[in-house]
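Q: One file: final14.txt (compact mmCIF, C-alpha atoms).
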```txt
# COMPACT_ATOMS: atom_id res chain seq x y z
CA ASP A 257 -75.79 -241.44 -53.78
CA SER A 258 -76.89 -241.87 -50.14
CA GLY A 259 -74.34 -239.40 -48.76
CA VAL A 260 -72.83 -242.04 -46.47
CA THR A 261 -69.15 -242.66 -47.24
CA GLN A 262 -67.33 -245.84 -46.32
CA THR A 263 -63.63 -246.54 -46.72
CA PRO A 264 -61.92 -248.62 -47.83
CA LYS A 265 -64.11 -250.34 -50.43
CA HIS A 266 -62.11 -253.54 -50.29
CA LEU A 267 -59.82 -255.00 -47.67
CA ILE A 268 -57.86 -258.23 -47.86
CA THR A 269 -56.03 -259.39 -44.78
CA ALA A 270 -54.83 -262.51 -43.03
CA THR A 271 -56.25 -264.41 -40.08
CA GLY A 272 -55.24 -263.00 -36.73
CA GLN A 273 -54.86 -259.47 -38.03
CA ARG A 274 -56.71 -256.30 -37.02
CA VAL A 275 -58.45 -253.85 -39.37
CA THR A 276 -60.33 -250.58 -39.07
CA LEU A 277 -63.31 -249.65 -41.22
CA ARG A 278 -64.34 -246.03 -41.48
CA CYS A 279 -67.73 -244.39 -42.02
CA SER A 280 -68.73 -240.77 -42.57
CA PRO A 281 -72.48 -240.25 -42.07
CA ARG A 282 -74.70 -237.98 -44.14
CA SER A 283 -74.38 -234.34 -43.26
CA GLY A 284 -76.57 -233.61 -40.25
CA ASP A 285 -77.11 -237.26 -39.25
CA LEU A 286 -76.25 -238.01 -35.64
CA SER A 287 -76.77 -241.78 -35.60
CA VAL A 288 -74.45 -244.35 -37.14
CA TYR A 289 -75.33 -248.03 -37.43
CA TRP A 290 -73.00 -250.88 -38.37
CA TYR A 291 -74.27 -254.01 -40.12
CA GLN A 292 -72.54 -257.17 -41.32
CA GLN A 293 -73.85 -258.87 -44.48
CA SER A 294 -72.92 -262.43 -45.35
CA LEU A 295 -74.51 -264.90 -47.75
CA ASP A 296 -75.72 -267.27 -45.06
CA GLN A 297 -76.76 -264.76 -42.36
CA GLY A 298 -78.02 -261.80 -44.35
CA LEU A 299 -77.80 -258.29 -42.92
CA GLN A 300 -77.02 -258.48 -39.21
CA PHE A 301 -77.10 -255.44 -36.91
CA LEU A 302 -73.88 -254.97 -34.96
CA ILE A 303 -73.99 -251.67 -33.08
CA GLN A 304 -75.43 -248.14 -33.11
CA TYR A 305 -73.90 -244.87 -31.96
CA TYR A 306 -75.77 -241.65 -31.44
CA ASN A 307 -73.90 -238.37 -31.09
CA GLY A 308 -70.80 -240.11 -29.79
CA GLU A 309 -72.48 -242.48 -27.37
CA GLU A 310 -73.24 -246.18 -27.79
CA ARG A 311 -77.01 -246.47 -28.22
CA ALA A 312 -77.78 -250.09 -29.04
CA LYS A 313 -75.88 -253.33 -29.39
CA GLY A 314 -76.72 -256.28 -31.59
CA ASN A 315 -74.84 -259.44 -32.42
CA ILE A 316 -71.41 -257.90 -32.16
CA LEU A 317 -68.51 -260.16 -31.23
CA GLU A 318 -66.19 -259.22 -28.36
CA ARG A 319 -63.33 -259.09 -30.92
CA PHE A 320 -65.16 -256.21 -32.61
CA SER A 321 -65.49 -252.68 -31.27
CA ALA A 322 -66.64 -249.35 -32.58
CA GLN A 323 -66.62 -245.69 -31.70
CA GLN A 324 -68.05 -242.43 -32.96
CA PHE A 325 -65.85 -239.35 -32.89
CA PRO A 326 -66.79 -235.70 -32.16
CA ASP A 327 -67.00 -234.99 -35.91
CA LEU A 328 -69.56 -237.86 -36.02
CA HIS A 329 -67.54 -240.19 -38.22
CA SER A 330 -67.37 -243.74 -36.93
CA GLU A 331 -64.83 -246.54 -36.99
CA LEU A 332 -65.41 -250.26 -36.65
CA ASN A 333 -62.40 -252.18 -35.38
CA LEU A 334 -62.16 -255.91 -36.08
CA SER A 335 -59.38 -257.85 -34.34
CA SER A 336 -58.07 -261.42 -34.22
CA LEU A 337 -59.72 -261.91 -37.57
CA GLU A 338 -61.05 -265.31 -38.58
CA LEU A 339 -62.02 -266.70 -41.97
CA GLY A 340 -65.67 -266.43 -40.95
CA ASP A 341 -65.38 -262.67 -40.56
CA SER A 342 -65.19 -262.31 -44.33
CA ALA A 343 -68.27 -260.32 -45.25
CA LEU A 344 -69.61 -256.99 -46.39
CA TYR A 345 -69.71 -254.41 -43.62
CA PHE A 346 -72.23 -251.62 -44.03
CA CYS A 347 -72.59 -248.38 -42.23
CA ALA A 348 -75.91 -246.54 -42.16
CA SER A 349 -76.88 -243.19 -40.73
CA SER A 350 -80.05 -241.42 -39.68
CA PRO A 351 -80.81 -237.98 -38.24
CA ARG A 352 -82.11 -239.05 -34.84
CA ASP A 353 -81.44 -241.70 -32.22
CA ARG A 354 -84.25 -243.86 -33.57
CA SER A 355 -84.99 -244.69 -37.17
CA SER A 356 -88.56 -244.07 -38.33
CA TYR A 357 -90.60 -243.13 -41.38
CA ASN A 358 -89.25 -239.60 -41.17
CA SER A 359 -85.80 -240.73 -40.14
CA PRO A 360 -84.99 -243.89 -42.15
CA LEU A 361 -81.60 -245.53 -42.42
CA HIS A 362 -79.37 -244.44 -45.31
CA PHE A 363 -76.69 -246.98 -46.15
CA GLY A 364 -73.21 -246.55 -47.54
CA ASN A 365 -71.87 -248.88 -50.24
CA GLY A 366 -70.01 -251.05 -47.77
CA THR A 367 -66.52 -252.39 -47.20
CA ARG A 368 -65.85 -255.87 -48.53
CA LEU A 369 -63.56 -257.67 -46.09
CA THR A 370 -61.76 -260.83 -47.17
CA VAL A 371 -59.82 -262.76 -44.55
CA THR A 372 -57.38 -265.32 -45.98
CA GLN B 243 -85.79 -270.27 -36.63
CA LYS B 244 -84.81 -266.79 -37.74
CA GLU B 245 -87.09 -263.91 -36.75
CA VAL B 246 -87.55 -262.94 -40.40
CA GLU B 247 -87.67 -265.52 -43.18
CA GLN B 248 -87.21 -264.62 -46.84
CA ASP B 249 -86.64 -266.91 -49.80
CA PRO B 250 -83.28 -265.97 -51.35
CA GLY B 251 -84.38 -266.93 -54.88
CA PRO B 252 -83.25 -266.12 -57.49
CA LEU B 253 -86.59 -265.17 -58.96
CA SER B 254 -86.41 -264.74 -62.74
CA VAL B 255 -89.28 -263.07 -64.61
CA PRO B 256 -89.83 -261.57 -68.07
CA GLU B 257 -90.10 -257.81 -68.51
CA GLY B 258 -93.60 -256.57 -67.84
CA ALA B 259 -94.49 -259.32 -65.36
CA ILE B 260 -96.03 -258.71 -61.96
CA VAL B 261 -93.56 -259.69 -59.26
CA SER B 262 -94.49 -260.84 -55.77
CA LEU B 263 -91.84 -260.86 -53.04
CA ASN B 264 -92.65 -262.13 -49.57
CA CYS B 265 -91.42 -262.39 -46.00
CA THR B 266 -92.73 -264.13 -42.93
CA TYR B 267 -91.82 -263.26 -39.37
CA SER B 268 -92.25 -264.70 -35.91
CA ASN B 269 -92.03 -261.66 -33.61
CA SER B 270 -95.51 -260.33 -32.86
CA ALA B 271 -94.02 -257.07 -31.58
CA PHE B 272 -92.97 -255.94 -35.05
CA GLN B 273 -95.02 -252.92 -36.04
CA TYR B 274 -92.98 -251.16 -38.72
CA PHE B 275 -92.30 -252.85 -42.03
CA MET B 276 -89.87 -251.82 -44.72
CA TRP B 277 -88.62 -252.93 -48.11
CA TYR B 278 -85.11 -252.12 -49.25
CA ARG B 279 -83.62 -252.57 -52.71
CA GLN B 280 -79.94 -253.43 -53.07
CA TYR B 281 -78.16 -253.29 -56.39
CA SER B 282 -74.96 -255.25 -56.89
CA ARG B 283 -71.99 -253.65 -55.15
CA LYS B 284 -74.22 -251.04 -53.50
CA GLY B 285 -75.81 -250.50 -50.13
CA PRO B 286 -79.52 -251.09 -49.48
CA GLU B 287 -81.85 -248.18 -50.25
CA LEU B 288 -85.28 -247.71 -48.73
CA LEU B 289 -88.20 -248.39 -51.10
CA MET B 290 -91.28 -248.59 -48.91
CA TYR B 291 -92.08 -247.97 -45.24
CA THR B 292 -95.39 -249.07 -43.72
CA TYR B 293 -96.89 -249.17 -40.27
CA SER B 294 -99.22 -251.94 -39.09
CA SER B 295 -101.52 -253.85 -41.45
CA GLY B 296 -102.86 -252.87 -44.84
CA ASN B 297 -101.63 -251.78 -48.25
CA LYS B 298 -99.44 -248.92 -49.37
CA GLU B 299 -98.88 -247.98 -52.97
CA ASP B 300 -96.05 -245.96 -54.53
CA GLY B 301 -95.96 -245.93 -58.30
CA ARG B 302 -95.38 -249.47 -59.56
CA PHE B 303 -94.73 -250.75 -56.03
CA THR B 304 -97.33 -251.96 -53.51
CA ALA B 305 -96.45 -253.08 -50.00
CA GLN B 306 -98.90 -255.30 -48.16
CA VAL B 307 -98.85 -256.27 -44.48
CA ASP B 308 -100.95 -259.00 -42.87
CA LYS B 309 -100.11 -258.94 -39.17
CA SER B 310 -102.57 -261.73 -38.35
CA SER B 311 -100.60 -264.08 -40.60
CA LYS B 312 -97.21 -262.44 -39.87
CA TYR B 313 -96.71 -262.07 -43.61
CA ILE B 314 -95.62 -259.13 -45.73
CA SER B 315 -95.42 -258.74 -49.48
CA LEU B 316 -94.01 -256.38 -52.07
CA PHE B 317 -95.64 -256.33 -55.50
CA ILE B 318 -93.93 -254.80 -58.51
CA ARG B 319 -96.13 -254.09 -61.52
CA ASP B 320 -94.82 -253.84 -65.08
CA SER B 321 -91.39 -255.03 -63.97
CA GLN B 322 -88.36 -253.60 -65.80
CA PRO B 323 -84.80 -254.90 -66.25
CA SER B 324 -83.73 -251.98 -64.04
CA ASP B 325 -85.69 -253.61 -61.19
CA SER B 326 -83.15 -256.45 -61.17
CA ALA B 327 -81.69 -256.31 -57.67
CA THR B 328 -81.90 -257.95 -54.28
CA TYR B 329 -84.96 -256.97 -52.26
CA LEU B 330 -84.69 -257.08 -48.48
CA CYS B 331 -87.61 -256.90 -46.13
CA ALA B 332 -87.01 -255.34 -42.73
CA MET B 333 -89.12 -254.80 -39.65
CA SER B 334 -88.83 -253.24 -36.24
CA GLU B 335 -90.62 -253.11 -32.91
CA GLY B 336 -92.24 -249.93 -31.75
CA GLY B 337 -89.77 -249.36 -28.96
CA SER B 338 -86.32 -250.01 -30.35
CA TYR B 339 -86.58 -249.05 -34.01
CA ILE B 340 -83.53 -251.15 -34.95
CA PRO B 341 -84.63 -252.90 -38.16
CA THR B 342 -84.24 -256.67 -38.41
CA PHE B 343 -83.60 -257.69 -41.99
CA GLY B 344 -84.50 -260.74 -44.03
CA ARG B 345 -81.77 -262.40 -46.12
CA GLY B 346 -83.05 -260.79 -49.30
CA THR B 347 -84.56 -262.16 -52.52
CA SER B 348 -82.58 -261.83 -55.73
CA LEU B 349 -84.82 -260.66 -58.60
CA ILE B 350 -83.82 -260.90 -62.26
CA VAL B 351 -86.04 -259.23 -64.86
CA HIS B 352 -85.00 -260.27 -68.34
CA PRO B 353 -85.91 -258.31 -71.49
```
Would you write out, as structure tokens, the structure that this file holds?
A:
Amino acid sequence: DSGVTQTPKHLITATGQRVTLRCSPRSGDLSVYWYQQSLDQGLQFLIQYYNGEERAKGNILERFSAQQFPDLHSELNLSSLELGDSALYFCASSPRDRSSYNSPLHFGNGTRLTVT
Amino acid sequence: QKEVEQDPGPLSVPEGAIVSLNCTYSNSAFQYFMWYRQYSRKGPELLMYTYSSGNKEDGRFTAQVDKSSKYISLFIRDSQPSDSATYLCAMSEGGSYIPTFGRGTSLIVHP
């Protein structure tokens, strides 16, 4: 068990809808990373938060947004959903603002999103 | 062309075989190289973490980096059915430390 908790495990919704995915990092970790995993694209970095502030941005669509709260849990909001947004969404955490040998990423078990 | 290329497989081997998993990359700035293992319905977990070129061994696992060829490998000796999983390579530049992942190679070790 990595210590990173993601809810819900599965989510089925319709096109055009909005959903919120939640992540609780490992105790003591200040950084939260969001990744999208699909069969054709692999694991794609979306966004990182460190201690409540946005730290780095990857290939995140404008329809997607995230935030990290004072208790360090994070939420990823996906709106105007399209069929192509169906994927596994992973959250990872690390102690510091940069991952390294001593501060690697620890992943949760993901949220499987299905858009119909 | 993706920054990190990895054959998705599947790679099927008998128990006890030596497995070789590989990735190529195009970004010369990558300095840190990682291998993650992902079991079905689980998140990736870190297996090996190496810096720059050379070999690193950890039990049955050996990670190899050849920066001149932009090629990394993971060798698994005496493979076990419990090694059946998807193996993702990942790499990052010195400055940003955000890992870029390969698509993953599915490994099946059959008894």
Q: Would you kindly return, as a ChimeraX atom specification, each protein, DNA or RNA residue with an atom no farther than 12 Å from any atom of Val246 in chain B, considering all atoms listed in the file and excluding same-chain residues fewer than 2 positions away?
A: /A:297-300 /B:243-244,248-249,264-270,272,275,312-314,330-334,341-346
Q: May I have the selected residues written with C-alpha atoms, as a short mmCIF file (atom, residue, chain, number, x, y, z; two decimals), in the frame of the given file?
A:
```cif
data_model
loop_
_atom_site.label_atom_id
_atom_site.label_comp_id
_atom_site.auth_asym_id
_atom_site.auth_seq_id
_atom_site.Cartn_x
_atom_site.Cartn_y
_atom_site.Cartn_z
CA GLN A 297 -76.76 -264.76 -42.36
CA GLY A 298 -78.02 -261.80 -44.35
CA LEU A 299 -77.80 -258.29 -42.92
CA GLN A 300 -77.02 -258.48 -39.21
CA GLN B 243 -85.79 -270.27 -36.63
CA LYS B 244 -84.81 -266.79 -37.74
CA GLN B 248 -87.21 -264.62 -46.84
CA ASP B 249 -86.64 -266.91 -49.80
CA ASN B 264 -92.65 -262.13 -49.57
CA CYS B 265 -91.42 -262.39 -46.00
CA THR B 266 -92.73 -264.13 -42.93
CA TYR B 267 -91.82 -263.26 -39.37
CA SER B 268 -92.25 -264.70 -35.91
CA ASN B 269 -92.03 -261.66 -33.61
CA SER B 270 -95.51 -260.33 -32.86
CA PHE B 272 -92.97 -255.94 -35.05
CA PHE B 275 -92.30 -252.85 -42.03
CA LYS B 312 -97.21 -262.44 -39.87
CA TYR B 313 -96.71 -262.07 -43.61
CA ILE B 314 -95.62 -259.13 -45.73
CA LEU B 330 -84.69 -257.08 -48.48
CA CYS B 331 -87.61 -256.90 -46.13
CA ALA B 332 -87.01 -255.34 -42.73
CA MET B 333 -89.12 -254.80 -39.65
CA SER B 334 -88.83 -253.24 -36.24
CA PRO B 341 -84.63 -252.90 -38.16
CA THR B 342 -84.24 -256.67 -38.41
CA PHE B 343 -83.60 -257.69 -41.99
CA GLY B 344 -84.50 -260.74 -44.03
CA ARG B 345 -81.77 -262.40 -46.12
CA GLY B 346 -83.05 -260.79 -49.30
#
```
Q: Which distance in Å separates CA of Gln322 in chain B and CA of Val255 in chain B, to one decimal?
A: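 If I compute the distance from CA of Gln322 in chain B to CA of Val255 in chain B, I get 9.6 Å.
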Q: Find the residue from B:Pro250, B:Pro323, B:Gly258, B:Gly296 that sits nearest to chain A; use all atoms listed in the file when measuring.
A: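 Distance minimum relative to chain A lands on B:Pro250.
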Q: Can you tell me how far CA of Gln293 in chain A sits from CA of Leu267 in chain A, in Å to one decimal?
A: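 One can read the CA of Gln293 in chain A to CA of Leu267 in chain A distance as 14.9 Å.
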Q: Would you pick out the contacts of Gly301 in chain B at 12 Å or less, using all atoms listed in the file, so that residues sharing its chain but fewer than 4 positions from it are not included, and give the list as a PyMOL selection string?
A: chain B and resi 289-290+305+317-321
Q: Identify which of the residues A:Arg282, A:Thr372, A:Pro326, A:Gln273 lies closest to Asp257 in chain A, counting all atoms listed in the file when measuring atom-to-atom distances.
A: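 Once distances to Asp257 in chain A are computed over all atoms listed in the file, the minimum belongs to A:Arg282.
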Q: Mind pulling up the distance from CA of Lys313 in chain A to CA of Asp353 in chain A?
A: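 These two atoms are separated by 13.2 Å.
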Q: Between A:Val371, A:Ile316, A:Leu339, A:Cys347, which one has atoms that come closest to Tyr291 in chain A, using all atoms listed in the file?
A: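 Closest residue, counting all atoms listed in the file: A:Cys347.
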Q: So, with all atoms listed in the file as the atoms that count, which of B:Ile340, B:Ser311, B:Glu287, B:Tyr274 lies closest to Arg311 in chain A?
A: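 Ranking B:Ile340, B:Ser311, B:Glu287, B:Tyr274 by distance to Arg311 in chain A, first place goes to B:Ile340.
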Q: Just save range 260-275 of chain B with all heavy atoms, as a tab-separated table (two decimals), in the first residue's frame.
A:
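Here's the written file decode_22.tsv:
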```tsv
chain	number	residue	atom	x	y	z
B	260	ILE	N	15.49	-15.12	-18.32
B	260	ILE	CA	16.01	-13.76	-18.14
B	260	ILE	C	15.21	-12.84	-19.06
B	260	ILE	O	15.09	-13.10	-20.26
B	260	ILE	CB	17.50	-13.68	-18.49
B	260	ILE	CG1	18.33	-14.54	-17.54
B	260	ILE	CG2	17.99	-12.22	-18.44
B	260	ILE	CD1	19.80	-14.63	-17.89
B	261	VAL	N	14.67	-11.78	-18.47
B	261	VAL	CA	13.84	-10.85	-19.22
B	261	VAL	C	14.61	-9.57	-19.48
B	261	VAL	O	15.31	-9.06	-18.59
B	261	VAL	CB	12.55	-10.53	-18.44
B	261	VAL	CG1	11.73	-9.46	-19.16
B	261	VAL	CG2	11.72	-11.79	-18.22
B	262	SER	N	14.47	-9.04	-20.68
B	262	SER	CA	15.09	-7.76	-21.02
B	262	SER	C	14.00	-6.80	-21.49
B	262	SER	O	13.29	-7.08	-22.45
B	262	SER	CB	16.12	-7.97	-22.13
B	262	SER	OG	16.59	-6.72	-22.61
B	263	LEU	N	13.87	-5.69	-20.81
B	263	LEU	CA	12.90	-4.66	-21.15
B	263	LEU	C	13.67	-3.40	-21.51
B	263	LEU	O	14.65	-3.06	-20.85
B	263	LEU	CB	11.97	-4.40	-19.96
B	263	LEU	CG	11.21	-5.62	-19.44
B	263	LEU	CD1	10.64	-5.36	-18.06
B	263	LEU	CD2	10.12	-6.02	-20.41
B	264	ASN	N	13.20	-2.68	-22.54
B	264	ASN	CA	14.01	-1.58	-23.05
B	264	ASN	C	13.18	-0.34	-23.35
B	264	ASN	O	11.99	-0.41	-23.63
B	264	ASN	CB	14.69	-2.02	-24.36
B	264	ASN	CG	15.37	-3.36	-24.21
B	264	ASN	OD1	16.32	-3.51	-23.47
B	264	ASN	ND2	14.84	-4.37	-24.92
B	265	CYS	N	13.87	0.79	-23.32
B	265	CYS	CA	13.28	2.07	-23.73
B	265	CYS	C	14.33	2.88	-24.47
B	265	CYS	O	15.53	2.80	-24.14
B	265	CYS	CB	12.82	2.89	-22.52
B	265	CYS	SG	11.35	2.26	-21.72
B	266	THR	N	13.88	3.63	-25.44
B	266	THR	CA	14.75	4.61	-26.09
B	266	THR	C	14.15	6.00	-25.85
B	266	THR	O	12.95	6.13	-25.60
B	266	THR	CB	14.89	4.35	-27.59
B	266	THR	OG1	13.58	4.41	-28.19
B	266	THR	CG2	15.51	3.00	-27.86
B	267	TYR	N	15.01	6.99	-25.93
B	267	TYR	CA	14.51	8.35	-25.70
B	267	TYR	C	15.24	9.32	-26.62
B	267	TYR	O	16.29	9.01	-27.18
B	267	TYR	CB	14.68	8.75	-24.23
B	267	TYR	CG	16.11	8.78	-23.72
B	267	TYR	CD1	16.84	9.97	-23.71
B	267	TYR	CD2	16.71	7.62	-23.23
B	267	TYR	CE1	18.14	10.00	-23.23
B	267	TYR	CE2	18.02	7.65	-22.75
B	267	TYR	CZ	18.71	8.83	-22.75
B	267	TYR	OH	20.01	8.86	-22.27
B	268	SER	N	14.65	10.49	-26.77
B	268	SER	CA	15.22	11.46	-27.71
B	268	SER	C	15.78	12.71	-27.02
B	268	SER	O	16.57	13.44	-27.61
B	268	SER	CB	14.16	11.88	-28.72
B	268	SER	OG	13.02	12.42	-28.06
B	269	ASN	N	15.39	12.96	-25.78
B	269	ASN	CA	15.80	14.17	-25.08
B	269	ASN	C	17.16	13.99	-24.39
B	269	ASN	O	17.26	13.27	-23.39
B	269	ASN	CB	14.72	14.53	-24.05
B	269	ASN	CG	14.98	15.87	-23.38
B	269	ASN	OD1	16.07	16.43	-23.48
B	269	ASN	ND2	13.98	16.37	-22.68
B	270	SER	N	18.16	14.65	-24.90
B	270	SER	CA	19.51	14.50	-24.34
B	270	SER	C	19.63	15.05	-22.91
B	270	SER	O	20.59	14.77	-22.21
B	270	SER	CB	20.52	15.25	-25.23
B	270	SER	OG	20.52	14.74	-26.52
B	271	ALA	N	18.66	15.85	-22.50
B	271	ALA	CA	18.73	16.45	-21.17
B	271	ALA	C	18.32	15.48	-20.05
B	271	ALA	O	18.54	15.78	-18.88
B	271	ALA	CB	17.83	17.68	-21.12
B	272	PHE	N	17.75	14.36	-20.41
B	272	PHE	CA	17.36	13.40	-19.37
B	272	PHE	C	18.60	12.90	-18.65
B	272	PHE	O	19.58	12.48	-19.25
B	272	PHE	CB	16.61	12.22	-19.97
B	272	PHE	CG	15.20	12.53	-20.39
B	272	PHE	CD1	14.66	11.96	-21.52
B	272	PHE	CD2	14.39	13.37	-19.63
B	272	PHE	CE1	13.36	12.24	-21.92
B	272	PHE	CE2	13.09	13.66	-20.01
B	272	PHE	CZ	12.57	13.09	-21.16
B	273	GLN	N	18.55	12.95	-17.32
B	273	GLN	CA	19.68	12.51	-16.51
B	273	GLN	C	19.30	11.45	-15.48
B	273	GLN	O	20.15	10.75	-14.98
B	273	GLN	CB	20.28	13.70	-15.75
B	273	GLN	CG	20.85	14.79	-16.63
B	273	GLN	CD	21.49	15.86	-15.79
B	273	GLN	OE1	22.32	15.59	-14.94
B	273	GLN	NE2	21.11	17.10	-16.01
B	274	TYR	N	18.02	11.40	-15.13
B	274	TYR	CA	17.55	10.48	-14.10
B	274	TYR	C	16.63	9.46	-14.76
B	274	TYR	O	15.74	9.82	-15.51
B	274	TYR	CB	16.80	11.24	-13.00
B	274	TYR	CG	17.67	12.26	-12.29
B	274	TYR	CD1	17.85	13.53	-12.81
B	274	TYR	CD2	18.32	11.92	-11.11
B	274	TYR	CE1	18.65	14.46	-12.17
B	274	TYR	CE2	19.12	12.84	-10.46
B	274	TYR	CZ	19.28	14.11	-11.00
B	274	TYR	OH	20.08	15.01	-10.36
B	275	PHE	N	16.85	8.20	-14.46
B	275	PHE	CA	16.15	7.13	-15.14
B	275	PHE	C	15.53	6.18	-14.12
B	275	PHE	O	16.18	5.78	-13.16
B	275	PHE	CB	17.11	6.38	-16.08
B	275	PHE	CG	17.77	7.28	-17.07
B	275	PHE	CD1	18.99	7.88	-16.77
B	275	PHE	CD2	17.17	7.57	-18.28
B	275	PHE	CE1	19.61	8.73	-17.68
B	275	PHE	CE2	17.77	8.42	-19.19
B	275	PHE	CZ	18.98	9.00	-18.89
```
